[in-house]
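Asks: Below is data_20.cif; it holds mmCIF, C-alpha atoms.
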```cif
data_final
loop_
_atom_site.group_PDB
_atom_site.id
_atom_site.type_symbol
_atom_site.label_atom_id
_atom_site.label_comp_id
_atom_site.auth_asym_id
_atom_site.auth_seq_id
_atom_site.Cartn_x
_atom_site.Cartn_y
_atom_site.Cartn_z
ATOM 1 C CA SER A 29 -11.168 11.618 -29.968
ATOM 2 C CA ARG A 30 -12.389 12.712 -26.560
ATOM 3 C CA GLN A 31 -15.905 13.238 -27.909
ATOM 4 C CA SER A 32 -16.072 9.710 -29.300
ATOM 5 C CA MET A 33 -14.748 8.356 -25.984
ATOM 6 C CA VAL A 34 -17.513 10.171 -24.126
ATOM 7 C CA ARG A 35 -20.111 8.781 -26.507
ATOM 8 C CA SER A 36 -18.668 5.284 -26.168
ATOM 9 C CA LEU A 37 -18.931 5.553 -22.411
ATOM 10 C CA ARG A 38 -22.523 6.678 -22.640
ATOM 11 C CA ASP A 39 -23.370 3.822 -25.016
ATOM 12 C CA ALA A 40 -21.771 1.357 -22.610
ATOM 13 C CA LEU A 41 -23.787 2.778 -19.747
ATOM 14 C CA LEU A 42 -26.949 2.597 -21.789
ATOM 15 C CA ARG A 43 -26.315 -1.062 -22.561
ATOM 16 C CA LEU A 44 -26.375 -1.565 -18.811
ATOM 17 C CA GLU A 45 -29.496 0.639 -18.831
ATOM 18 C CA GLY A 46 -27.757 2.932 -16.374
ATOM 19 C CA PRO A 47 -29.591 2.068 -13.135
ATOM 20 C CA ALA A 48 -26.588 3.004 -10.985
ATOM 21 C CA LEU A 49 -26.319 6.354 -12.735
ATOM 22 C CA GLY A 50 -30.034 7.032 -13.058
ATOM 23 C CA ILE A 51 -29.772 7.161 -16.875
ATOM 24 C CA PRO A 52 -32.952 6.132 -18.660
ATOM 25 C CA ALA A 53 -32.606 3.502 -21.366
ATOM 26 C CA ARG A 54 -33.200 4.577 -24.963
ATOM 27 C CA GLY A 55 -36.693 3.944 -26.150
ATOM 28 C CA GLY A 56 -38.285 4.983 -22.856
ATOM 29 C CA GLY A 57 -37.501 1.736 -21.077
ATOM 30 C CA GLY A 58 -36.825 3.567 -17.834
ATOM 31 C CA PRO A 59 -34.432 2.555 -15.087
ATOM 32 C CA LEU A 60 -35.752 -1.017 -14.958
ATOM 33 C CA SER A 61 -34.975 -3.502 -17.682
ATOM 34 C CA ALA A 62 -37.707 -5.208 -19.588
ATOM 35 C CA ARG A 63 -36.752 -8.440 -17.830
ATOM 36 C CA GLY A 64 -36.999 -6.700 -14.462
ATOM 37 C CA SER A 65 -33.662 -8.190 -13.443
ATOM 38 C CA THR A 66 -31.677 -4.963 -13.057
ATOM 39 C CA PRO A 67 -32.421 -3.119 -9.805
ATOM 40 C CA SER A 68 -32.557 0.675 -9.762
ATOM 41 C CA LEU A 69 -31.055 2.891 -7.095
ATOM 42 C CA GLY A 70 -33.624 5.595 -7.699
ATOM 43 C CA ARG A 71 -35.711 7.370 -10.290
ATOM 44 C CA PRO A 72 -33.783 9.379 -12.899
ATOM 45 C CA ASP A 73 -35.771 12.501 -11.978
ATOM 46 C CA ASN A 74 -34.837 12.209 -8.315
ATOM 47 C CA PRO A 75 -32.638 15.273 -7.535
ATOM 48 C CA LEU A 76 -30.286 13.306 -5.276
ATOM 49 C CA GLN A 77 -29.940 10.620 -7.935
ATOM 50 C CA ARG A 78 -28.968 13.245 -10.487
ATOM 51 C CA TYR A 79 -26.278 14.663 -8.210
ATOM 52 C CA LEU A 80 -24.894 11.164 -7.632
ATOM 53 C CA SER A 81 -25.002 10.430 -11.353
ATOM 54 C CA ILE A 82 -22.770 13.404 -12.072
ATOM 55 C CA LEU A 83 -20.316 12.485 -9.296
ATOM 56 C CA GLU A 84 -20.058 8.889 -10.534
ATOM 57 C CA VAL A 85 -19.405 10.017 -14.101
ATOM 58 C CA VAL A 86 -16.836 12.670 -13.164
ATOM 59 C CA ALA A 87 -15.005 10.143 -10.945
ATOM 60 C CA ALA A 88 -14.151 8.147 -14.068
ATOM 61 C CA PHE A 89 -12.314 11.105 -15.672
ATOM 62 C CA PRO A 90 -9.457 12.376 -13.443
ATOM 63 C CA MET A 91 -8.531 15.014 -16.040
ATOM 64 C CA GLY A 92 -12.032 16.464 -15.855
ATOM 65 C CA LEU A 93 -15.220 16.657 -17.919
ATOM 66 C CA SER A 94 -16.893 19.708 -19.404
ATOM 67 C CA LEU A 95 -20.510 20.570 -18.747
ATOM 68 C CA ALA A 96 -21.473 19.485 -22.264
ATOM 69 C CA GLU A 97 -19.747 16.105 -21.866
ATOM 70 C CA ILE A 98 -21.413 15.461 -18.534
ATOM 71 C CA ALA A 99 -24.800 16.396 -19.968
ATOM 72 C CA GLU A 100 -24.302 14.000 -22.878
ATOM 73 C CA ILE A 101 -23.280 11.085 -20.647
ATOM 74 C CA VAL A 102 -26.084 11.446 -18.096
ATOM 75 C CA ASP A 103 -28.592 12.390 -20.820
ATOM 76 C CA LEU A 104 -29.894 15.526 -19.130
ATOM 77 C CA PRO A 105 -30.445 19.044 -20.499
ATOM 78 C CA LYS A 106 -27.433 21.308 -20.241
ATOM 79 C CA SER A 107 -29.468 23.791 -18.214
ATOM 80 C CA SER A 108 -30.232 21.113 -15.607
ATOM 81 C CA VAL A 109 -26.628 19.925 -15.516
ATOM 82 C CA HIS A 110 -25.433 23.531 -15.141
ATOM 83 C CA ARG A 111 -27.638 23.932 -12.063
ATOM 84 C CA LEU A 112 -26.578 20.586 -10.588
ATOM 85 C CA ILE A 113 -22.882 21.279 -11.147
ATOM 86 C CA GLY A 114 -23.298 24.680 -9.506
ATOM 87 C CA GLY A 115 -24.660 23.037 -6.378
ATOM 88 C CA LEU A 116 -21.868 20.461 -6.311
ATOM 89 C CA LEU A 117 -19.215 23.157 -6.761
ATOM 90 C CA GLU A 118 -20.701 25.218 -3.947
ATOM 91 C CA ALA A 119 -20.721 22.173 -1.647
ATOM 92 C CA GLY A 120 -17.110 21.268 -2.451
ATOM 93 C CA ALA A 121 -18.127 17.985 -4.057
ATOM 94 C CA LEU A 122 -16.763 19.154 -7.425
ATOM 95 C CA GLU A 123 -14.071 21.652 -8.346
ATOM 96 C CA GLN A 124 -12.567 23.127 -11.475
ATOM 97 C CA SER A 125 -9.900 20.978 -13.083
ATOM 98 C CA ARG A 126 -6.390 22.398 -12.915
ATOM 99 C CA GLN A 127 -5.338 20.294 -15.891
ATOM 100 C CA ARG A 128 -8.146 21.072 -18.295
ATOM 101 C CA SER A 129 -9.857 24.413 -18.857
ATOM 102 C CA GLY A 130 -13.591 24.172 -18.329
ATOM 103 C CA GLY A 131 -13.311 20.697 -16.851
ATOM 104 C CA HIS A 132 -14.790 19.488 -13.592
ATOM 105 C CA VAL A 133 -13.218 16.947 -11.221
ATOM 106 C CA LEU A 134 -14.119 15.508 -7.849
ATOM 107 C CA GLY A 135 -13.742 18.082 -5.088
ATOM 108 C CA GLY A 136 -11.813 17.888 -1.867
ATOM 109 C CA ARG A 137 -14.892 17.068 0.185
ATOM 110 C CA ILE A 138 -15.583 13.898 -1.792
ATOM 111 C CA LEU A 139 -11.906 12.934 -1.996
ATOM 112 C CA HIS A 140 -11.573 13.327 1.762
ATOM 113 C CA MET A 141 -14.459 10.905 2.296
ATOM 114 C CA LEU A 142 -12.919 8.437 -0.132
ATOM 115 C CA TYR A 143 -9.505 8.530 1.537
ATOM 116 C CA VAL A 144 -10.922 8.311 5.045
ATOM 117 C CA GLY A 145 -13.161 5.421 4.023
ATOM 118 C CA THR A 146 -10.446 3.470 2.206
ATOM 119 C CA PRO A 147 -10.123 0.046 3.897
ATOM 120 C CA ASP A 148 -6.822 -0.420 5.675
ATOM 121 C CA GLU A 149 -6.216 -3.680 3.827
ATOM 122 C CA TRP A 150 -6.037 -1.669 0.578
ATOM 123 C CA ILE A 151 -3.366 0.641 1.978
ATOM 124 C CA GLU A 152 -0.988 -2.094 3.127
ATOM 125 C CA PRO A 153 0.021 -3.453 -0.322
ATOM 126 C CA LEU A 154 0.294 0.074 -1.739
ATOM 127 C CA THR A 155 2.672 1.272 0.981
ATOM 128 C CA ARG A 156 4.680 -1.914 1.521
ATOM 129 C CA PRO A 157 7.349 -1.234 -1.186
ATOM 130 C CA ALA A 158 8.153 2.230 0.203
ATOM 131 C CA LEU A 159 8.075 1.003 3.804
ATOM 132 C CA SER A 160 10.352 -1.909 2.922
ATOM 133 C CA ASP A 161 12.886 0.475 1.383
ATOM 134 C CA LEU A 162 12.709 2.742 4.421
ATOM 135 C CA ALA A 163 13.148 -0.157 6.837
ATOM 136 C CA GLU A 164 16.091 -1.506 4.840
ATOM 137 C CA VAL A 165 17.890 1.845 4.686
ATOM 138 C CA THR A 166 17.405 2.689 8.368
ATOM 139 C CA GLY A 167 17.364 -0.775 9.912
ATOM 140 C CA LEU A 168 14.295 0.334 11.869
ATOM 141 C CA CYS A 169 10.593 -0.439 11.867
ATOM 142 C CA ALA A 170 8.740 1.715 9.306
ATOM 143 C CA PHE A 171 5.001 2.214 9.417
ATOM 144 C CA VAL A 172 2.056 4.308 8.251
ATOM 145 C CA ALA A 173 -0.653 5.645 10.550
ATOM 146 C CA LYS A 174 -4.080 6.964 9.584
ATOM 147 C CA LEU A 175 -6.689 9.257 11.095
ATOM 148 C CA GLY A 176 -10.183 7.786 11.033
ATOM 149 C CA ASP A 177 -13.155 7.043 13.282
ATOM 150 C CA GLY A 178 -11.985 9.668 15.739
ATOM 151 C CA ALA A 179 -8.675 7.909 16.378
ATOM 152 C CA ILE A 180 -5.217 7.440 14.864
ATOM 153 C CA ARG A 181 -4.070 3.883 14.189
ATOM 154 C CA SER A 182 -1.067 2.217 12.612
ATOM 155 C CA ILE A 183 -2.266 0.486 9.457
ATOM 156 C CA ALA A 184 0.828 -0.877 7.703
ATOM 157 C CA THR A 185 4.177 -1.922 9.148
ATOM 158 C CA VAL A 186 7.475 -3.309 7.868
ATOM 159 C CA ALA A 187 10.261 -4.227 10.282
ATOM 160 C CA PRO A 188 13.629 -5.950 9.854
ATOM 161 C CA GLU A 189 13.855 -9.389 11.431
ATOM 162 C CA ASN A 190 16.184 -8.132 14.139
ATOM 163 C CA ALA A 191 14.195 -4.970 14.930
ATOM 164 C CA ALA A 192 13.616 -4.494 18.648
ATOM 165 C CA VAL A 193 10.198 -2.925 18.096
ATOM 166 C CA ARG A 194 8.456 -5.599 16.036
ATOM 167 C CA THR A 195 5.806 -5.967 18.746
ATOM 168 C CA TYR A 196 5.774 -2.242 19.596
ATOM 169 C CA VAL A 197 3.964 -1.225 16.387
ATOM 170 C CA VAL A 198 1.075 -3.490 15.435
ATOM 171 C CA PRO A 199 -1.221 -2.756 12.453
ATOM 172 C CA GLY A 200 -4.667 -1.777 13.638
ATOM 173 C CA ARG A 201 -3.508 -0.686 17.065
ATOM 174 C CA GLU A 202 -4.528 2.790 18.185
ATOM 175 C CA VAL A 203 -1.657 5.160 19.025
ATOM 176 C CA TRP A 204 -1.701 7.740 21.800
ATOM 177 C CA PRO A 205 -2.745 11.004 20.092
ATOM 178 C CA HIS A 206 -0.787 13.257 22.485
ATOM 179 C CA ALA A 207 2.374 11.168 22.650
ATOM 180 C CA SER A 208 3.119 9.317 19.422
ATOM 181 C CA ALA A 209 5.118 10.881 16.589
ATOM 182 C CA THR A 210 2.619 9.900 13.885
ATOM 183 C CA ALA A 211 -0.310 11.329 15.831
ATOM 184 C CA LYS A 212 1.514 14.638 16.242
ATOM 185 C CA ALA A 213 2.385 14.707 12.532
ATOM 186 C CA ILE A 214 -1.298 14.268 11.684
ATOM 187 C CA LEU A 215 -2.933 16.400 14.390
ATOM 188 C CA ALA A 216 -0.631 19.342 13.647
ATOM 189 C CA PHE A 217 -2.578 19.861 10.407
ATOM 190 C CA GLN A 218 -6.092 19.317 11.780
ATOM 191 C CA PRO A 219 -8.604 21.982 12.813
ATOM 192 C CA GLN A 220 -9.402 22.451 16.489
ATOM 193 C CA SER A 221 -12.680 20.558 16.107
ATOM 194 C CA VAL A 222 -10.832 17.398 15.051
ATOM 195 C CA ARG A 223 -8.201 17.780 17.756
ATOM 196 C CA ARG A 224 -10.876 18.089 20.446
ATOM 197 C CA ARG A 225 -12.553 14.930 19.185
ATOM 198 C CA VAL A 226 -9.340 12.903 19.075
ATOM 199 C CA LEU A 227 -7.454 14.115 22.145
ATOM 200 C CA PRO A 228 -8.451 12.809 25.596
ATOM 201 C CA SER A 229 -8.941 15.207 28.477
ATOM 202 C CA PRO A 230 -7.077 15.173 30.709
ATOM 203 C CA LEU A 231 -4.040 13.933 28.818
ATOM 204 C CA PRO A 232 -2.867 10.750 30.570
ATOM 205 C CA LYS A 233 0.710 10.499 31.768
ATOM 206 C CA LEU A 234 2.284 7.438 30.150
ATOM 207 C CA THR A 235 5.939 8.056 31.057
ATOM 208 C CA ASP A 236 7.972 10.786 32.698
ATOM 209 C CA ARG A 237 8.372 12.390 29.232
ATOM 210 C CA THR A 238 4.671 12.499 28.290
ATOM 211 C CA ILE A 239 3.105 15.888 27.538
ATOM 212 C CA THR A 240 0.098 16.250 29.830
ATOM 213 C CA SER A 241 -0.743 19.922 29.238
ATOM 214 C CA HIS A 242 -2.991 20.902 26.327
ATOM 215 C CA ALA A 243 -1.214 24.262 26.111
ATOM 216 C CA VAL A 244 2.196 22.626 25.863
ATOM 217 C CA LEU A 245 0.875 20.145 23.323
ATOM 218 C CA ALA A 246 -0.508 23.003 21.209
ATOM 219 C CA LYS A 247 2.983 24.539 21.093
ATOM 220 C CA GLU A 248 4.446 21.159 20.157
ATOM 221 C CA LEU A 249 1.942 20.762 17.311
ATOM 222 C CA ALA A 250 2.805 24.268 16.077
ATOM 223 C CA ARG A 251 6.460 23.211 15.945
ATOM 224 C CA VAL A 252 5.526 20.052 14.047
ATOM 225 C CA ARG A 253 3.472 22.078 11.575
ATOM 226 C CA GLU A 254 6.446 24.360 10.925
ATOM 227 C CA THR A 255 9.120 21.649 10.684
ATOM 228 C CA GLU A 256 6.888 18.858 9.310
ATOM 229 C CA LEU A 257 8.551 16.464 11.726
ATOM 230 C CA GLY A 258 6.755 14.736 14.572
ATOM 231 C CA THR A 259 8.862 13.263 17.354
ATOM 232 C CA CYS A 260 8.336 10.903 20.239
ATOM 233 C CA ALA A 261 11.193 10.358 22.692
ATOM 234 C CA SER A 262 10.067 7.915 25.391
ATOM 235 C CA GLU A 263 6.733 9.762 25.559
ATOM 236 C CA ASP A 264 4.410 6.790 25.077
ATOM 237 C CA ASN A 265 6.750 3.941 25.961
ATOM 238 C CA ALA A 266 9.952 4.389 27.944
ATOM 239 C CA GLY A 267 13.048 3.565 25.937
ATOM 240 C CA PHE A 268 11.438 3.862 22.511
ATOM 241 C CA GLY A 269 11.368 6.765 20.083
ATOM 242 C CA ALA A 270 10.058 7.679 16.650
ATOM 243 C CA LEU A 271 10.322 10.274 13.882
ATOM 244 C CA ALA A 272 7.286 10.921 11.683
ATOM 245 C CA CYS A 273 6.417 13.030 8.651
ATOM 246 C CA PRO A 274 2.935 14.038 7.506
ATOM 247 C CA ILE A 275 1.700 12.814 4.132
ATOM 248 C CA HIS A 276 0.037 15.665 2.267
ATOM 249 C CA VAL A 277 -2.674 14.468 -0.115
ATOM 250 C CA PRO A 278 -3.795 17.107 -2.661
ATOM 251 C CA SER A 279 -7.337 18.381 -2.031
ATOM 252 C CA VAL A 280 -7.555 16.192 1.072
ATOM 253 C CA GLY A 281 -4.905 17.340 3.525
ATOM 254 C CA VAL A 282 -3.117 15.236 6.115
ATOM 255 C CA ILE A 283 -4.793 12.067 7.343
ATOM 256 C CA TYR A 284 -1.726 9.822 7.002
ATOM 257 C CA ALA A 285 1.785 9.948 8.425
ATOM 258 C CA VAL A 286 4.851 7.777 7.859
ATOM 259 C CA ALA A 287 7.332 7.019 10.621
ATOM 260 C CA ILE A 288 10.389 5.089 11.666
ATOM 261 C CA THR A 289 10.714 3.809 15.211
ATOM 262 C CA GLY A 290 13.294 2.105 17.372
ATOM 263 C CA THR A 291 15.026 2.537 20.685
ATOM 264 C CA THR A 292 15.530 6.101 21.858
ATOM 265 C CA GLU A 293 19.287 5.600 21.775
ATOM 266 C CA VAL A 294 19.264 4.582 18.110
ATOM 267 C CA VAL A 295 16.651 7.058 16.837
ATOM 268 C CA PHE A 296 17.770 10.191 18.667
ATOM 269 C CA ASN A 297 21.168 9.852 20.271
ATOM 270 C CA ALA A 298 23.015 8.051 17.481
ATOM 271 C CA ASN A 299 21.360 8.701 14.137
ATOM 272 C CA GLN A 300 18.772 11.498 14.339
ATOM 273 C CA ASP A 301 20.577 13.794 11.906
ATOM 274 C CA ARG A 302 21.015 10.964 9.383
ATOM 275 C CA TYR A 303 17.373 9.936 9.614
#
```
Would you mind writing the file out in structure tokens?
Replies:
Amino acid sequence: SRQSMVRSLRDALLRLEGPALGIPARGGGGPLSARGSTPSLGRPDNPLQRYLSILEVVAAFPMGLSLAEIAEIVDLPKSSVHRLIGGLLEAGALEQSRQRSGGHVLGGRILHMLYVGTPDEWIEPLTRPALSDLAEVTGLCAFVAKLGDGAIRSIATVAPENAAVRTYVVPGREVWPHASATAKAILAFQPQSVRRRVLPSPLPKLTDRTITSHAVLAKELARVRETELGTCASEDNAGFGALACPIHVPSVGVIYAVAITGTTEVVFNANQDRY
């Protein structure tokens, strides 16, 4: 049963003496083992440690945990857990589970940090199968870009052997935020504060097709937000084009985009409707 699973988890944590969760060992042993070999991240009665304990426990149950279950696992009074959960809910670190009544799951604020902080090398193997299929169907280079560290970079790429843009999209390379299709697909769903941080001023002219007006770019991003399609037609590199779609992550928003890229003739003039 769920209750026995919760108790089993608590027992397992107690066997580790719970230093990472701030759970005191049974028998009053405290956060340090008798051998002194298990380091503690903080005292169990440290308020911050208690908040982190709850987040770590809830993270292990995507379907959600009730207040009573959380209290049992972290070995704190229900009244204390109720107050701690209230603070986490108010801060957006926790939210009510949509799959289980009375359950609590990680909130969008925490999930956003986790997605933004995910190492790029973790994303590449997860996206490679889908990118490979996309590259095979279109015959073009397919790639994923990510918003992070105040910039947008390509992080995973798959290209057919005969693709003309194999050196045009390189994992880890920063893309122009006002000109590339993936950047538009991502920035269209960002607040003004993020756009101001990412976009240069003035907007540099890269080709004769580059948008160099912030007002014009704002209209372009509004179009992308409505159509969910970012485009780049010789705007960052003459002769090359791309089509990009935002990737909506529940409770997180858009920090990734997927795109196909090739010559402008192939992407727009010959096959745009098919793509």
Asks: Output the residue selection produced by the PyMOL selection byres ((chain A and resi 186) around 8) on the file above, formatted as a count of residues only.
Replies: 11
Asks: To test your reading of the syntax: which residues would the PyMOL selection byres ((chain A and resi 265-273) around 7) return for the file shown? Reply as a tab-separated table (two decimals) with C-alpha atoms, keeping the file's coordinate frame.
Replies:
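Output file result01.tsv is given in full below:
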```tsv
chain	number	residue	atom	x	y	z
A	209	ALA	CA	5.12	10.88	16.59
A	210	THR	CA	2.62	9.90	13.88
A	213	ALA	CA	2.38	14.71	12.53
A	235	THR	CA	5.94	8.06	31.06
A	256	GLU	CA	6.89	18.86	9.31
A	257	LEU	CA	8.55	16.46	11.73
A	258	GLY	CA	6.76	14.74	14.57
A	259	THR	CA	8.86	13.26	17.35
A	260	CYS	CA	8.34	10.90	20.24
A	261	ALA	CA	11.19	10.36	22.69
A	262	SER	CA	10.07	7.92	25.39
A	263	GLU	CA	6.73	9.76	25.56
A	264	ASP	CA	4.41	6.79	25.08
A	274	PRO	CA	2.94	14.04	7.51
A	275	ILE	CA	1.70	12.81	4.13
A	285	ALA	CA	1.78	9.95	8.43
A	286	VAL	CA	4.85	7.78	7.86
A	287	ALA	CA	7.33	7.02	10.62
A	288	ILE	CA	10.39	5.09	11.67
A	289	THR	CA	10.71	3.81	15.21
A	290	GLY	CA	13.29	2.10	17.37
A	291	THR	CA	15.03	2.54	20.68
A	292	THR	CA	15.53	6.10	21.86
A	295	VAL	CA	16.65	7.06	16.84
```
Asks: Nearest to A:Leu168 among A:Ile180, A:Val197, A:Ala99, A:Val222, with distances taken over only C-alpha atoms: which residue is it?
Replies: A:Val197
Asks: What separation in Å, quoted to one decimal, exists between atom CA of A:Ser208 and atom CA of A:Asp177?
Replies: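 It comes out at 17.5 Å.
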Asks: Name the residues that the PyMOL selection byres ((chain A and resi 253) around 10) pulls out of this structure, and write them as an MDAnalysis selection string.
Replies: chainID A and resid 212:218 247:252 254:258 273:274
Asks: Grab the residues selected above and save them as a PDB file, in the coordinates of the input with C-alpha atoms.
Replies:
```pdb
ATOM      1  CA  LYS A 212       1.514  14.638  16.242  1.00  0.00           C
ATOM      2  CA  ALA A 213       2.385  14.707  12.532  1.00  0.00           C
ATOM      3  CA  ILE A 214      -1.298  14.268  11.684  1.00  0.00           C
ATOM      4  CA  LEU A 215      -2.933  16.400  14.390  1.00  0.00           C
ATOM      5  CA  ALA A 216      -0.631  19.342  13.647  1.00  0.00           C
ATOM      6  CA  PHE A 217      -2.578  19.861  10.407  1.00  0.00           C
ATOM      7  CA  GLN A 218      -6.092  19.317  11.780  1.00  0.00           C
ATOM      8  CA  LYS A 247       2.983  24.539  21.093  1.00  0.00           C
ATOM      9  CA  GLU A 248       4.446  21.159  20.157  1.00  0.00           C
ATOM     10  CA  LEU A 249       1.942  20.762  17.311  1.00  0.00           C
ATOM     11  CA  ALA A 250       2.805  24.268  16.077  1.00  0.00           C
ATOM     12  CA  ARG A 251       6.460  23.211  15.945  1.00  0.00           C
ATOM     13  CA  VAL A 252       5.526  20.052  14.047  1.00  0.00           C
ATOM     14  CA  GLU A 254       6.446  24.360  10.925  1.00  0.00           C
ATOM     15  CA  THR A 255       9.120  21.649  10.684  1.00  0.00           C
ATOM     16  CA  GLU A 256       6.888  18.858   9.310  1.00  0.00           C
ATOM     17  CA  LEU A 257       8.551  16.464  11.726  1.00  0.00           C
ATOM     18  CA  GLY A 258       6.755  14.736  14.572  1.00  0.00           C
ATOM     19  CA  CYS A 273       6.417  13.030   8.651  1.00  0.00           C
ATOM     20  CA  PRO A 274       2.935  14.038   7.506  1.00  0.00           C
TER      21      PRO A 274
END
```
Asks: How many Å separate atom CA of A:Leu76 from atom CA of A:Leu122?
Replies: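 Computed distance, atom CA of A:Leu76 to atom CA of A:Leu122, equals 14.9 Å.
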Asks: Record the distance separating atom CA of A:Ala158 and atom CA of A:Val172, expressed in Å with one decimal.
Replies: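 Value for the atom CA of A:Ala158-atom CA of A:Val172 distance: 10.3 Å.
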Asks: Skipping near chain neighbours, those fewer than 2 positions away, what residues fall within 10 Å of A:Leu227 using only C-alpha atoms, listed as a list in words?
Replies: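 Surrounding residues, per the criterion: Gly178, Ala179, Trp204, Pro205, His206, Ala211, Leu215, Val222, Arg223, Arg224, Arg225, Ser229, Pro230, Leu231 and His242 of chain A.
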Asks: Would you mind exporting C-alpha atoms of the selected residues as a PDB file, keeping the file's coordinate frame?
Replies:
```pdb
ATOM      1  CA  GLY A 178     -11.985   9.668  15.739  1.00  0.00           C
ATOM      2  CA  ALA A 179      -8.675   7.909  16.378  1.00  0.00           C
ATOM      3  CA  TRP A 204      -1.701   7.740  21.800  1.00  0.00           C
ATOM      4  CA  PRO A 205      -2.745  11.004  20.092  1.00  0.00           C
ATOM      5  CA  HIS A 206      -0.787  13.257  22.485  1.00  0.00           C
ATOM      6  CA  ALA A 211      -0.310  11.329  15.831  1.00  0.00           C
ATOM      7  CA  LEU A 215      -2.933  16.400  14.390  1.00  0.00           C
ATOM      8  CA  VAL A 222     -10.832  17.398  15.051  1.00  0.00           C
ATOM      9  CA  ARG A 223      -8.201  17.780  17.756  1.00  0.00           C
ATOM     10  CA  ARG A 224     -10.876  18.089  20.446  1.00  0.00           C
ATOM     11  CA  ARG A 225     -12.553  14.930  19.185  1.00  0.00           C
ATOM     12  CA  SER A 229      -8.941  15.207  28.477  1.00  0.00           C
ATOM     13  CA  PRO A 230      -7.077  15.173  30.709  1.00  0.00           C
ATOM     14  CA  LEU A 231      -4.040  13.933  28.818  1.00  0.00           C
ATOM     15  CA  HIS A 242      -2.991  20.902  26.327  1.00  0.00           C
TER      16      HIS A 242
END
```
Asks: Where's the centre, and what are the edge lengths in Å to one decimal, of a box along x, y and z enclosing all listed atoms of stretch 229-247 of chain A padded 5 Å per side, as AutoDock Vina command-line options?
Replies:
```
--center_x -0.3 --center_y 16.0 --center_z 26.9 --size_x 27.3 --size_y 27.1 --size_z 21.6
```
Asks: Between A:Ile183, A:Glu123, A:Gly200, A:Val226, which has the minimum distance to A:Leu154 (counting all atoms listed in the file)?
Replies: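 Closest to A:Leu154, using all atoms listed in the file: A:Ile183.
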Asks: Between A:Arg78, A:Arg302, A:Arg126, A:His140, which one has atoms that come closest to A:Ile113, using all atoms listed in the file?
Replies: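 Of A:Arg78, A:Arg302, A:Arg126, A:His140, the one nearest A:Ile113 is A:Arg78, counting all atoms listed in the file.
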Asks: List the residues sitting within 6 Å of (17.3, 5.5, 13.6) in the file's frame, using only C-alpha atoms, as a list in words.
Replies: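 Taken together, the residues in range are Thr166, Val294, Val295, Asn299 and Tyr303 of chain A.
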Asks: Could you check which of A:Pro157, A:Gly167, A:Gly92, A:Pro105 is closest to A:Gly131, using all atoms listed in the file?
Replies: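 Residue with the minimum atom-to-atom distance to A:Gly131: A:Gly92.
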Asks: Mind filling out stretch 246-258 of chain A with N, CA and C atoms and sending it as a short mmCIF file (atom, residue, chain, number, x, y, z; two decimals), keeping the file's coordinate frame?
Replies:
```cif
data_model
loop_
_atom_site.label_atom_id
_atom_site.label_comp_id
_atom_site.auth_asym_id
_atom_site.auth_seq_id
_atom_site.Cartn_x
_atom_site.Cartn_y
_atom_site.Cartn_z
N ALA A 246 -0.20 22.08 22.32
CA ALA A 246 -0.51 23.00 21.21
C ALA A 246 0.77 23.63 20.67
N LYS A 247 1.70 23.99 21.55
CA LYS A 247 2.98 24.54 21.09
C LYS A 247 3.79 23.49 20.34
N GLU A 248 3.73 22.25 20.83
CA GLU A 248 4.45 21.16 20.16
C GLU A 248 3.88 20.93 18.76
N LEU A 249 2.57 20.96 18.62
CA LEU A 249 1.94 20.76 17.31
C LEU A 249 2.27 21.92 16.37
N ALA A 250 2.40 23.13 16.91
CA ALA A 250 2.80 24.27 16.08
C ALA A 250 4.22 24.06 15.55
N ARG A 251 5.09 23.51 16.39
CA ARG A 251 6.46 23.21 15.94
C ARG A 251 6.44 22.16 14.85
N VAL A 252 5.62 21.12 15.04
CA VAL A 252 5.53 20.05 14.05
C VAL A 252 5.00 20.61 12.72
N ARG A 253 4.02 21.49 12.80
CA ARG A 253 3.47 22.08 11.58
C ARG A 253 4.52 22.89 10.83
N GLU A 254 5.40 23.54 11.55
CA GLU A 254 6.45 24.36 10.92
C GLU A 254 7.57 23.49 10.36
N THR A 255 7.97 22.47 11.10
CA THR A 255 9.12 21.65 10.68
C THR A 255 8.71 20.41 9.89
N GLU A 256 7.41 20.07 9.94
CA GLU A 256 6.89 18.86 9.31
C GLU A 256 7.61 17.61 9.83
N LEU A 257 7.90 17.61 11.10
CA LEU A 257 8.55 16.46 11.73
C LEU A 257 7.96 16.24 13.11
N GLY A 258 7.28 15.11 13.27
CA GLY A 258 6.76 14.74 14.57
C GLY A 258 7.75 13.84 15.29
#
```
